[in-house]
2 protein chains.
Amino acid sequence: MKAIGFKTSLPITAPESFIEFDLPTPVPTGHQLLVKIQAVSVNPVDFKIRQNAAKNVVLENPKVIGWDAVGVVEAVGEAVTLFAVGDAVYYAGDITQAGSNAEYQLIDERIVGKKPQNIGIEAAAAMPLTVLTAWETLFDRMRLSPEKDAGKTILIIGGAGGVGSIAIQLAKKLLGLRVIATASRPETKAWCEKMGADVVVNHKDLVNEVRQAGFQYVDFIYDVVDTNYYWDSMAELIKPQGHINSITGSATPVVLNKLKTKSVSFSWEFMFTRSTYQTDDMIEQHHILTRVAALLDEGVLTSTHTTTLQGLKASTFQQAHAQLESGTTIGKLVITFDA
Amino acid sequence: MKAIGFKTSLPITAPESFIEFDLPTPVPTGHQLLVKIQAVSVNPVDFKIRQNAAKNVVLENPKVIGWDAVGVVEAVGEAVTLFAVGDAVYYAGDITQAGSNAEYQLIDERIVGKKPQNIGIEAAAAMPLTVLTAWETLFDRMRLSPEKDAGKTILIIGGAGGVGSIAIQLAKKLLGLRVIATASRPETKAWCEKMGADVVVNHKDLVNEVRQAGFQYVDFIYDVVDTNYYWDSMAELIKPQGHINSITGSATPVVLNKLKTKSVSFSWEFMFTRSTYQTDDMIEQHHILTRVAALLDEGVLTSTHTTTLQGLKASTFQQAHAQLESGTTIGKLVITFDA
């Protein structure tokens, strides 16, 4: 099968930053599905791994990345019970395994959902990684519920990106939260409003912007941009007994004590935790994708897909990564493969 | 009225570490109750404040500390609706206000409960601060519930102290958690078992002790001893998607990123947050104390009272603080006042 990958970490402008090559088509065992990929989406984790996974080394076998796909089940392992050959599926995948930038991929059925039926392949491919991230953040890490939390406020730092866009929708439509999103350009501001944000503020002077919008404190903060950079602002803006979640990692130690007097909680969300640790509740990702498919089909949630590129080719992935590295992408970029 | 306090922070062995003096009996307004105190308990926060609140200064007016009391309502403010003159009450109080080491105290009715009826004054005085701390930790910060969490594991670092003793009971009896407590002496180990711990391990080699007891990871960790000291051990022992809570503060920055790959949450619990910030849900402490009184009356929970001293005198408080500063107190120390 054809695959796209890299043997060494290079700037995206280098001709060999992505290469094309052939691999044997893998054979599913156990809970694995073999999926013929129709479309993938690209996430920031992709270029972070491309930039860092093979620094100053040349891998013997190229690394295949990509964690988001829509496709059709071609074959199943002997333990598979949730899917059958011919099913249209969507999933984010497992960072410890080969990715979706290839003709075929093996994937554990417990982290796969049936593709939403009423939306297209591109719209569906945009969703898995970001919706799993935002869903796990709100429901599993923060344990929010409409019964307890409707009417409270959430500040989403980085509202126009992939995770921010769907987090706005989940917070607004499923939890009934009042959503304050950050964006700094007219087009990202408009996008956040389209996603359902009640208020959009500029992140460049965050504390003052939020206060001027009428909020002394916010109940919840979801940072999808930079934990260290926003730490002091978040400590200032979070309401007593509030909860902060971040997905970006923290390069340096933080003064955790700044959250103490307010009895504030902080959670990390890493969408690959369940598959990496093979947790007992790994099948939760199957359940989340199933529920999200229904919500997309019913029109409660809207795909965050904005941009499409075409073709399982090195040049397409170079163009996609260059776009994401610019940091200005709105919503999600999808790559469709040839039929 | 007679009160006990200090004008300057001194070692507890100094004759003037506590002094006796007279104050005008205060008059309740608004939501305040005037309570005639019958007994108080002493908590680590007391000696931390005595040691630090008047370092190298001499206060003009002595500082009255103490946050735990049982007494009888003597008078009420004009907005009081929850209590009447003559009610027996118990409460922890508000760290921004004068404490309970006095004949009378003003207290906001929203953080007061009716004293449990079937247990004595001493048994009741032992409970408010520690049970509010442990309750808020488990139910408000971690948002645990028996429906979601029964059968999971919690590690309580510091099981034999005031908060640890009641946390063991709440975790075991109300949530159905499997409780691993830490203790290092035969008498503290026996006490943790009496409180309901399933397993008691030594905290001196924590990771190995917990693993040797058969637990690779634990779902929840409640640290009531030292956040910085146990940070790496907690990061190692916490289960993917687990939740850590601490009450002790963190003197230096922490490497928060150690919790990221596991998608772990961390919460602070500070029992005085609600009263300090006058939060909208401040009355929750009234509700918690009301529910705890019923649970104590029914025998579901047991008072953690172990030691009684007698008399509203400087010497009694000196003895009590010396005892707590030794760090070896089991359960709770109570001081009863003269009738």
# chains A, B, ... in the order shown; residues from 1 in each chain; ligands from 1
$ select_by_dssp --residues "stretch 6-209 of chain A" --states "strand (DSSP E)" --output "PDB file with N, CA and C atoms, in the first residue's frame"
ATOM      1  N   ILE A  19       7.877  12.031   2.457  1.00  0.00           N
ATOM      2  CA  ILE A  19       8.217  11.183   1.317  1.00  0.00           C
ATOM      3  C   ILE A  19       7.098  10.155   1.109  1.00  0.00           C
ATOM      4  N   GLU A  20       7.044   9.637  -0.113  1.00  0.00           N
ATOM      5  CA  GLU A  20       6.058   8.599  -0.447  1.00  0.00           C
ATOM      6  C   GLU A  20       6.786   7.262  -0.533  1.00  0.00           C
ATOM      7  N   PHE A  21       6.118   6.209  -0.102  1.00  0.00           N
ATOM      8  CA  PHE A  21       6.764   4.888  -0.148  1.00  0.00           C
ATOM      9  C   PHE A  21       5.699   3.803  -0.090  1.00  0.00           C
ATOM     10  N   ASP A  22       6.138   2.578  -0.276  1.00  0.00           N
ATOM     11  CA  ASP A  22       5.214   1.433  -0.227  1.00  0.00           C
ATOM     12  C   ASP A  22       5.454   0.598   1.010  1.00  0.00           C
ATOM     13  N   GLN A  32      -8.567  -5.543  16.131  1.00  0.00           N
ATOM     14  CA  GLN A  32      -8.229  -4.586  15.075  1.00  0.00           C
ATOM     15  C   GLN A  32      -9.178  -4.631  13.878  1.00  0.00           C
ATOM     16  N   LEU A  33      -9.404  -3.446  13.326  1.00  0.00           N
ATOM     17  CA  LEU A  33     -10.055  -3.311  12.029  1.00  0.00           C
ATOM     18  C   LEU A  33      -8.972  -2.917  11.021  1.00  0.00           C
ATOM     19  N   LEU A  34      -9.100  -3.386   9.791  1.00  0.00           N
ATOM     20  CA  LEU A  34      -8.309  -2.825   8.694  1.00  0.00           C
ATOM     21  C   LEU A  34      -9.228  -1.866   7.947  1.00  0.00           C
ATOM     22  N   VAL A  35      -8.822  -0.594   7.903  1.00  0.00           N
ATOM     23  CA  VAL A  35      -9.669   0.433   7.295  1.00  0.00           C
ATOM     24  C   VAL A  35      -9.008   0.969   6.028  1.00  0.00           C
ATOM     25  N   LYS A  36      -9.782   1.055   4.939  1.00  0.00           N
ATOM     26  CA  LYS A  36      -9.311   1.744   3.734  1.00  0.00           C
ATOM     27  C   LYS A  36      -9.668   3.215   3.903  1.00  0.00           C
ATOM     28  N   ILE A  37      -8.626   4.050   3.952  1.00  0.00           N
ATOM     29  CA  ILE A  37      -8.806   5.460   4.305  1.00  0.00           C
ATOM     30  C   ILE A  37      -9.346   6.261   3.120  1.00  0.00           C
ATOM     31  N   GLN A  38     -10.355   7.094   3.379  1.00  0.00           N
ATOM     32  CA  GLN A  38     -10.898   7.977   2.344  1.00  0.00           C
ATOM     33  C   GLN A  38     -10.498   9.435   2.562  1.00  0.00           C
ATOM     34  N   ALA A  39     -10.325   9.817   3.833  1.00  0.00           N
ATOM     35  CA  ALA A  39      -9.945  11.205   4.133  1.00  0.00           C
ATOM     36  C   ALA A  39      -9.329  11.242   5.524  1.00  0.00           C
ATOM     37  N   VAL A  40      -8.439  12.201   5.729  1.00  0.00           N
ATOM     38  CA  VAL A  40      -7.846  12.411   7.058  1.00  0.00           C
ATOM     39  C   VAL A  40      -7.945  13.902   7.369  1.00  0.00           C
ATOM     40  N   SER A  41      -7.734  14.258   8.626  1.00  0.00           N
ATOM     41  CA  SER A  41      -7.530  15.676   8.903  1.00  0.00           C
ATOM     42  C   SER A  41      -6.171  15.835   9.555  1.00  0.00           C
ATOM     43  N   VAL A  42      -5.698  17.064   9.591  1.00  0.00           N
ATOM     44  CA  VAL A  42      -4.364  17.345  10.124  1.00  0.00           C
ATOM     45  C   VAL A  42      -4.527  18.169  11.393  1.00  0.00           C
ATOM     46  N   ALA A  69      -9.250   9.999  10.792  1.00  0.00           N
ATOM     47  CA  ALA A  69      -9.547   9.363   9.509  1.00  0.00           C
ATOM     48  C   ALA A  69     -11.021   9.024   9.374  1.00  0.00           C
ATOM     49  N   VAL A  70     -11.445   8.984   8.113  1.00  0.00           N
ATOM     50  CA  VAL A  70     -12.721   8.385   7.725  1.00  0.00           C
ATOM     51  C   VAL A  70     -12.387   7.322   6.693  1.00  0.00           C
ATOM     52  N   GLY A  71     -13.055   6.182   6.779  1.00  0.00           N
ATOM     53  CA  GLY A  71     -12.800   5.136   5.796  1.00  0.00           C
ATOM     54  C   GLY A  71     -13.816   4.022   5.915  1.00  0.00           C
ATOM     55  N   VAL A  72     -13.498   2.910   5.238  1.00  0.00           N
ATOM     56  CA  VAL A  72     -14.416   1.771   5.201  1.00  0.00           C
ATOM     57  C   VAL A  72     -13.679   0.532   5.714  1.00  0.00           C
ATOM     58  N   VAL A  73     -14.360  -0.235   6.561  1.00  0.00           N
ATOM     59  CA  VAL A  73     -13.759  -1.448   7.112  1.00  0.00           C
ATOM     60  C   VAL A  73     -13.588  -2.488   5.995  1.00  0.00           C
ATOM     61  N   GLU A  74     -12.330  -2.913   5.814  1.00  0.00           N
ATOM     62  CA  GLU A  74     -12.017  -3.890   4.759  1.00  0.00           C
ATOM     63  C   GLU A  74     -11.874  -5.302   5.306  1.00  0.00           C
ATOM     64  N   ALA A  75     -11.437  -5.404   6.557  1.00  0.00           N
ATOM     65  CA  ALA A  75     -11.235  -6.720   7.178  1.00  0.00           C
ATOM     66  C   ALA A  75     -11.231  -6.525   8.688  1.00  0.00           C
ATOM     67  N   VAL A  76     -11.522  -7.580   9.442  1.00  0.00           N
ATOM     68  CA  VAL A  76     -11.583  -7.451  10.902  1.00  0.00           C
ATOM     69  C   VAL A  76     -10.822  -8.586  11.573  1.00  0.00           C
ATOM     70  N   ALA A  88     -18.799   2.134   7.277  1.00  0.00           N
ATOM     71  CA  ALA A  88     -18.102   3.424   7.182  1.00  0.00           C
ATOM     72  C   ALA A  88     -17.797   3.885   8.605  1.00  0.00           C
ATOM     73  N   VAL A  89     -16.539   4.225   8.870  1.00  0.00           N
ATOM     74  CA  VAL A  89     -16.121   4.542  10.244  1.00  0.00           C
ATOM     75  C   VAL A  89     -15.333   5.852  10.288  1.00  0.00           C
ATOM     76  N   TYR A  90     -15.225   6.398  11.507  1.00  0.00           N
ATOM     77  CA  TYR A  90     -14.341   7.555  11.720  1.00  0.00           C
ATOM     78  C   TYR A  90     -13.685   7.404  13.082  1.00  0.00           C
ATOM     79  N   TYR A  91     -12.485   7.922  13.238  1.00  0.00           N
ATOM     80  CA  TYR A  91     -11.728   7.725  14.475  1.00  0.00           C
ATOM     81  C   TYR A  91     -10.502   8.627  14.481  1.00  0.00           C
ATOM     82  N   TYR A 104      -4.167   2.261   3.845  1.00  0.00           N
ATOM     83  CA  TYR A 104      -4.866   1.424   4.825  1.00  0.00           C
ATOM     84  C   TYR A 104      -4.279   1.651   6.215  1.00  0.00           C
ATOM     85  N   GLN A 105      -5.098   1.380   7.247  1.00  0.00           N
ATOM     86  CA  GLN A 105      -4.605   1.510   8.622  1.00  0.00           C
ATOM     87  C   GLN A 105      -5.269   0.463   9.501  1.00  0.00           C
ATOM     88  N   LEU A 106      -4.504  -0.055  10.454  1.00  0.00           N
ATOM     89  CA  LEU A 106      -5.077  -0.915  11.496  1.00  0.00           C
ATOM     90  C   LEU A 106      -5.508  -0.031  12.659  1.00  0.00           C
ATOM     91  N   ILE A 107      -6.673  -0.354  13.223  1.00  0.00           N
ATOM     92  CA  ILE A 107      -7.169   0.467  14.322  1.00  0.00           C
ATOM     93  C   ILE A 107      -7.983  -0.401  15.284  1.00  0.00           C
ATOM     94  N   ASP A 108      -7.797  -0.209  16.581  1.00  0.00           N
ATOM     95  CA  ASP A 108      -8.549  -0.962  17.594  1.00  0.00           C
ATOM     96  C   ASP A 108     -10.014  -0.525  17.565  1.00  0.00           C
ATOM     97  N   VAL A 112     -13.112   3.459  17.791  1.00  0.00           N
ATOM     98  CA  VAL A 112     -13.685   3.786  16.476  1.00  0.00           C
ATOM     99  C   VAL A 112     -15.190   3.994  16.618  1.00  0.00           C
ATOM    100  N   GLY A 113     -15.741   4.904  15.817  1.00  0.00           N
ATOM    101  CA  GLY A 113     -17.196   5.070  15.753  1.00  0.00           C
ATOM    102  C   GLY A 113     -17.685   4.912  14.331  1.00  0.00           C
ATOM    103  N   LYS A 114     -18.979   4.617  14.183  1.00  0.00           N
ATOM    104  CA  LYS A 114     -19.532   4.616  12.822  1.00  0.00           C
ATOM    105  C   LYS A 114     -19.615   6.058  12.336  1.00  0.00           C
ATOM    106  N   THR A 153     -20.047  30.037  33.437  1.00  0.00           N
ATOM    107  CA  THR A 153     -19.258  30.607  32.349  1.00  0.00           C
ATOM    108  C   THR A 153     -18.004  29.790  32.070  1.00  0.00           C
ATOM    109  N   ILE A 154     -17.635  29.707  30.789  1.00  0.00           N
ATOM    110  CA  ILE A 154     -16.356  29.096  30.418  1.00  0.00           C
ATOM    111  C   ILE A 154     -15.610  30.049  29.491  1.00  0.00           C
ATOM    112  N   LEU A 155     -14.319  30.205  29.756  1.00  0.00           N
ATOM    113  CA  LEU A 155     -13.434  30.970  28.882  1.00  0.00           C
ATOM    114  C   LEU A 155     -12.622  29.972  28.077  1.00  0.00           C
ATOM    115  N   ILE A 156     -12.717  30.055  26.752  1.00  0.00           N
ATOM    116  CA  ILE A 156     -11.954  29.158  25.883  1.00  0.00           C
ATOM    117  C   ILE A 156     -10.851  29.978  25.219  1.00  0.00           C
ATOM    118  N   ILE A 157      -9.613  29.717  25.652  1.00  0.00           N
ATOM    119  CA  ILE A 157      -8.466  30.470  25.126  1.00  0.00           C
ATOM    120  C   ILE A 157      -8.004  29.781  23.847  1.00  0.00           C
ATOM    121  N   ARG A 178     -22.289  29.610  29.417  1.00  0.00           N
ATOM    122  CA  ARG A 178     -22.062  30.886  28.737  1.00  0.00           C
ATOM    123  C   ARG A 178     -20.611  30.870  28.266  1.00  0.00           C
ATOM    124  N   VAL A 179     -20.386  31.041  26.961  1.00  0.00           N
ATOM    125  CA  VAL A 179     -19.056  30.832  26.382  1.00  0.00           C
ATOM    126  C   VAL A 179     -18.390  32.150  25.996  1.00  0.00           C
ATOM    127  N   ILE A 180     -17.206  32.367  26.584  1.00  0.00           N
ATOM    128  CA  ILE A 180     -16.348  33.473  26.188  1.00  0.00           C
ATOM    129  C   ILE A 180     -15.167  32.847  25.450  1.00  0.00           C
ATOM    130  N   ALA A 181     -14.971  33.205  24.190  1.00  0.00           N
ATOM    131  CA  ALA A 181     -13.862  32.645  23.415  1.00  0.00           C
ATOM    132  C   ALA A 181     -12.867  33.746  23.102  1.00  0.00           C
ATOM    133  N   THR A 182     -11.605  33.366  22.897  1.00  0.00           N
ATOM    134  CA  THR A 182     -10.631  34.375  22.485  1.00  0.00           C
ATOM    135  C   THR A 182     -10.309  34.227  21.005  1.00  0.00           C
ATOM    136  N   VAL A 199     -19.541  35.624  23.713  1.00  0.00           N
ATOM    137  CA  VAL A 199     -18.677  36.801  23.773  1.00  0.00           C
ATOM    138  C   VAL A 199     -17.327  36.388  23.199  1.00  0.00           C
ATOM    139  N   VAL A 200     -16.717  37.257  22.421  1.00  0.00           N
ATOM    140  CA  VAL A 200     -15.359  36.984  21.930  1.00  0.00           C
ATOM    141  C   VAL A 200     -14.454  38.119  22.386  1.00  0.00           C
ATOM    142  N   VAL A 201     -13.331  37.767  22.995  1.00  0.00           N
ATOM    143  CA  VAL A 201     -12.388  38.786  23.472  1.00  0.00           C
ATOM    144  C   VAL A 201     -11.015  38.512  22.861  1.00  0.00           C
TER     145      VAL A 201
END
$ interface_residues --of "chain A" --to "chain B" --cutoff "7 Å" --atoms "only C-alpha atoms" --output "count of residues only"
23
$ select_by_dssp --residues "stretch 70-290 of chain A" --states "helix (DSSP H, G or I)" --output "PyMOL selection string"
chain A and resi 109-111+121-125+128-141+146-149+162-174+186-195+203-212+227-237+256-259+273-277+284-290
$ residues_around --residues "B:Lys152" --least-positions-apart "5" --cutoff "9 Å" --atoms "only C-alpha atoms" --output "MDAnalysis selection string"
chainID B and resid 176:179 218:220
$ closest_atom_pairs --of "stretch 46-160 of chain A" --to "stretch 316-326 of chain A" --cutoff "9 Å" --atoms "only C-alpha atoms" --output "CSV"
residue,atom,partner,partner_atom,distance
A:Asp46,CA,A:His321,CA,7.9
A:Phe47,CA,A:His321,CA,6.1
A:Asn101,CA,A:Phe317,CA,8.8
$ residues_around --residues "stretch 299-315 of chain A" --least-positions-apart "6" --cutoff "10 Å" --atoms "only C-alpha atoms" --output "short mmCIF file (atom, residue, chain, number, x, y, z; two decimals) with N, CA and C atoms, in the first residue's frame"
data_model
loop_
_atom_site.label_atom_id
_atom_site.label_comp_id
_atom_site.auth_asym_id
_atom_site.auth_seq_id
_atom_site.Cartn_x
_atom_site.Cartn_y
_atom_site.Cartn_z
N LYS A 2 0.30 2.34 -0.49
CA LYS A 2 1.03 3.60 -0.50
C LYS A 2 0.92 4.28 0.87
N ALA A 3 2.00 4.91 1.29
CA ALA A 3 1.98 5.64 2.55
C ALA A 3 2.84 6.90 2.43
N ILE A 4 2.57 7.86 3.31
CA ILE A 4 3.34 9.10 3.37
C ILE A 4 3.98 9.17 4.75
N GLY A 5 5.24 9.60 4.80
CA GLY A 5 5.89 9.71 6.11
C GLY A 5 7.20 10.45 6.00
N PHE A 6 8.07 10.19 6.96
CA PHE A 6 9.38 10.87 6.94
C PHE A 6 10.40 9.99 7.64
N PRO A 15 12.39 19.45 0.58
CA PRO A 15 11.72 18.51 -0.34
C PRO A 15 11.41 17.16 0.31
N GLU A 16 12.26 16.71 1.23
CA GLU A 16 12.04 15.39 1.83
C GLU A 16 11.36 15.46 3.21
N SER A 17 10.73 16.59 3.50
CA SER A 17 10.02 16.68 4.79
C SER A 17 8.92 15.62 4.84
N PHE A 18 8.33 15.30 3.69
CA PHE A 18 7.48 14.12 3.56
C PHE A 18 7.93 13.34 2.34
N ILE A 19 7.88 12.03 2.46
CA ILE A 19 8.22 11.18 1.32
C ILE A 19 7.10 10.16 1.11
N GLU A 20 7.04 9.64 -0.11
CA GLU A 20 6.06 8.60 -0.45
C GLU A 20 6.79 7.26 -0.53
N PHE A 21 6.12 6.21 -0.10
CA PHE A 21 6.76 4.89 -0.15
C PHE A 21 5.70 3.80 -0.09
N ILE A 37 -8.63 4.05 3.95
CA ILE A 37 -8.81 5.46 4.30
C ILE A 37 -9.35 6.26 3.12
N GLN A 38 -10.35 7.09 3.38
CA GLN A 38 -10.90 7.98 2.34
C GLN A 38 -10.50 9.43 2.56
N ALA A 39 -10.32 9.82 3.83
CA ALA A 39 -9.95 11.20 4.13
C ALA A 39 -9.33 11.24 5.52
N VAL A 40 -8.44 12.20 5.73
CA VAL A 40 -7.85 12.41 7.06
C VAL A 40 -7.94 13.90 7.37
N SER A 41 -7.73 14.26 8.63
CA SER A 41 -7.53 15.68 8.90
C SER A 41 -6.17 15.83 9.56
N ASN A 101 -1.98 8.43 7.52
CA ASN A 101 -1.53 9.00 6.24
C ASN A 101 -1.04 7.88 5.32
N ALA A 102 -1.98 7.01 4.95
CA ALA A 102 -1.66 5.81 4.17
C ALA A 102 -2.95 5.27 3.57
N GLU A 103 -2.81 4.36 2.63
CA GLU A 103 -4.01 3.79 2.00
C GLU A 103 -4.86 3.00 2.99
N ASN A 118 -25.36 11.59 7.87
CA ASN A 118 -25.93 12.74 7.14
C ASN A 118 -24.92 13.81 6.76
N ILE A 119 -23.66 13.57 7.04
CA ILE A 119 -22.65 14.54 6.63
C ILE A 119 -21.61 13.83 5.78
N GLY A 120 -20.88 14.60 4.97
CA GLY A 120 -19.95 14.02 4.02
C GLY A 120 -18.68 13.50 4.67
N GLU A 122 -15.62 14.53 4.17
CA GLU A 122 -14.72 15.60 4.62
C GLU A 122 -15.18 16.17 5.97
N ALA A 123 -16.48 16.41 6.07
CA ALA A 123 -17.02 16.96 7.32
C ALA A 123 -16.77 16.01 8.48
N ALA A 124 -16.88 14.72 8.21
CA ALA A 124 -16.68 13.73 9.28
C ALA A 124 -15.20 13.60 9.64
N ALA A 125 -14.33 13.65 8.64
CA ALA A 125 -12.89 13.47 8.89
C ALA A 125 -12.33 14.58 9.76
N ALA A 126 -12.98 15.73 9.74
CA ALA A 126 -12.50 16.87 10.52
C ALA A 126 -12.65 16.67 12.03
N MET A 127 -13.50 15.74 12.46
CA MET A 127 -13.99 15.78 13.83
C MET A 127 -13.29 14.94 14.91
N THR A 130 -10.41 16.25 17.61
CA THR A 130 -10.78 17.47 18.35
C THR A 130 -12.02 17.25 19.21
N VAL A 131 -12.98 16.49 18.71
CA VAL A 131 -14.20 16.31 19.52
C VAL A 131 -13.92 15.38 20.70
N ALA A 160 -10.79 29.65 17.83
CA ALA A 160 -11.03 29.42 16.40
C ALA A 160 -10.33 28.19 15.84
N GLY A 161 -9.44 27.57 16.61
CA GLY A 161 -8.76 26.37 16.13
C GLY A 161 -9.66 25.16 16.17
N GLY A 162 -9.09 24.01 15.87
CA GLY A 162 -9.90 22.80 15.79
C GLY A 162 -10.56 22.45 17.11
N VAL A 163 -9.79 22.36 18.18
CA VAL A 163 -10.36 21.99 19.48
C VAL A 163 -11.27 23.10 20.01
N GLY A 164 -10.81 24.35 19.89
CA GLY A 164 -11.62 25.47 20.37
C GLY A 164 -13.00 25.52 19.70
N SER A 165 -13.02 25.29 18.40
CA SER A 165 -14.28 25.40 17.64
C SER A 165 -15.33 24.40 18.12
N ILE A 166 -14.90 23.18 18.38
CA ILE A 166 -15.88 22.18 18.82
C ILE A 166 -16.14 22.31 20.33
N GLN A 169 -18.95 24.64 20.82
CA GLN A 169 -20.25 24.01 20.56
C GLN A 169 -20.70 23.10 21.70
N LEU A 170 -19.78 22.26 22.18
CA LEU A 170 -20.15 21.34 23.26
C LEU A 170 -20.54 22.11 24.52
N LYS A 173 -23.99 24.00 23.57
CA LYS A 173 -25.18 23.24 23.17
C LYS A 173 -25.48 22.06 24.09
N LEU A 174 -24.46 21.43 24.64
CA LEU A 174 -24.72 20.26 25.49
C LEU A 174 -24.74 20.61 26.97
N TRP A 191 -15.79 33.56 13.20
CA TRP A 191 -15.90 32.09 13.27
C TRP A 191 -16.32 31.64 14.68
N MET A 195 -19.63 29.50 15.75
CA MET A 195 -19.59 28.25 16.53
C MET A 195 -20.49 28.33 17.76
N VAL A 292 -21.44 11.46 19.31
CA VAL A 292 -21.15 12.64 18.49
C VAL A 292 -21.71 12.45 17.08
N ALA A 293 -21.61 11.23 16.53
CA ALA A 293 -22.16 10.97 15.20
C ALA A 293 -23.65 11.29 15.18
N HIS A 321 0.80 20.83 6.35
CA HIS A 321 1.60 21.14 7.54
C HIS A 321 2.05 22.60 7.53
N THR A 329 -4.79 28.83 11.10
CA THR A 329 -5.87 28.01 10.56
C THR A 329 -7.15 28.19 11.36
N ILE A 330 -8.24 28.35 10.66
CA ILE A 330 -9.56 28.40 11.28
C ILE A 330 -10.20 27.04 11.10
N GLY A 331 -10.80 26.51 12.16
CA GLY A 331 -11.45 25.21 12.07
C GLY A 331 -10.46 24.14 11.63
N LYS A 332 -10.90 23.25 10.74
CA LYS A 332 -10.09 22.08 10.41
C LYS A 332 -9.78 21.94 8.92
N LEU A 333 -8.56 21.47 8.68
CA LEU A 333 -8.09 21.18 7.33
C LEU A 333 -8.16 19.67 7.10
N VAL A 334 -8.79 19.30 5.98
CA VAL A 334 -9.00 17.88 5.66
C VAL A 334 -8.31 17.55 4.34
N ILE A 335 -7.77 16.34 4.27
CA ILE A 335 -7.19 15.86 3.01
C ILE A 335 -7.99 14.64 2.56
N THR A 336 -8.55 14.73 1.35
CA THR A 336 -9.27 13.57 0.81
C THR A 336 -8.32 12.78 -0.08
N PHE A 337 -8.49 11.44 -0.05
CA PHE A 337 -7.64 10.59 -0.87
C PHE A 337 -8.39 10.29 -2.16
N ASP A 338 -7.67 9.74 -3.15
CA ASP A 338 -8.33 9.36 -4.39
C ASP A 338 -9.23 8.16 -4.11
N ALA A 339 -10.33 8.09 -4.80
CA ALA A 339 -11.29 7.02 -4.57
C ALA A 339 -10.69 5.68 -4.97
#
$ atom_distance --atom1 "atom CA of A:Ile49" --atom2 "atom CA of A:Thr328"
19.0 Å
$ atom_distance --atom1 "atom CA of B:Ser9" --atom2 "atom CA of B:Lys55"
5.0 Å
$ atom_distance --atom1 "atom CA of A:Pro146" --atom2 "atom CA of B:Asp281"
17.3 Å
$ closest_residue --among "A:Ser275, A:Thr133, A:Leu10, A:Asn202" --to "A:Gln97" --atoms "only C-alpha atoms"
A:Ser275
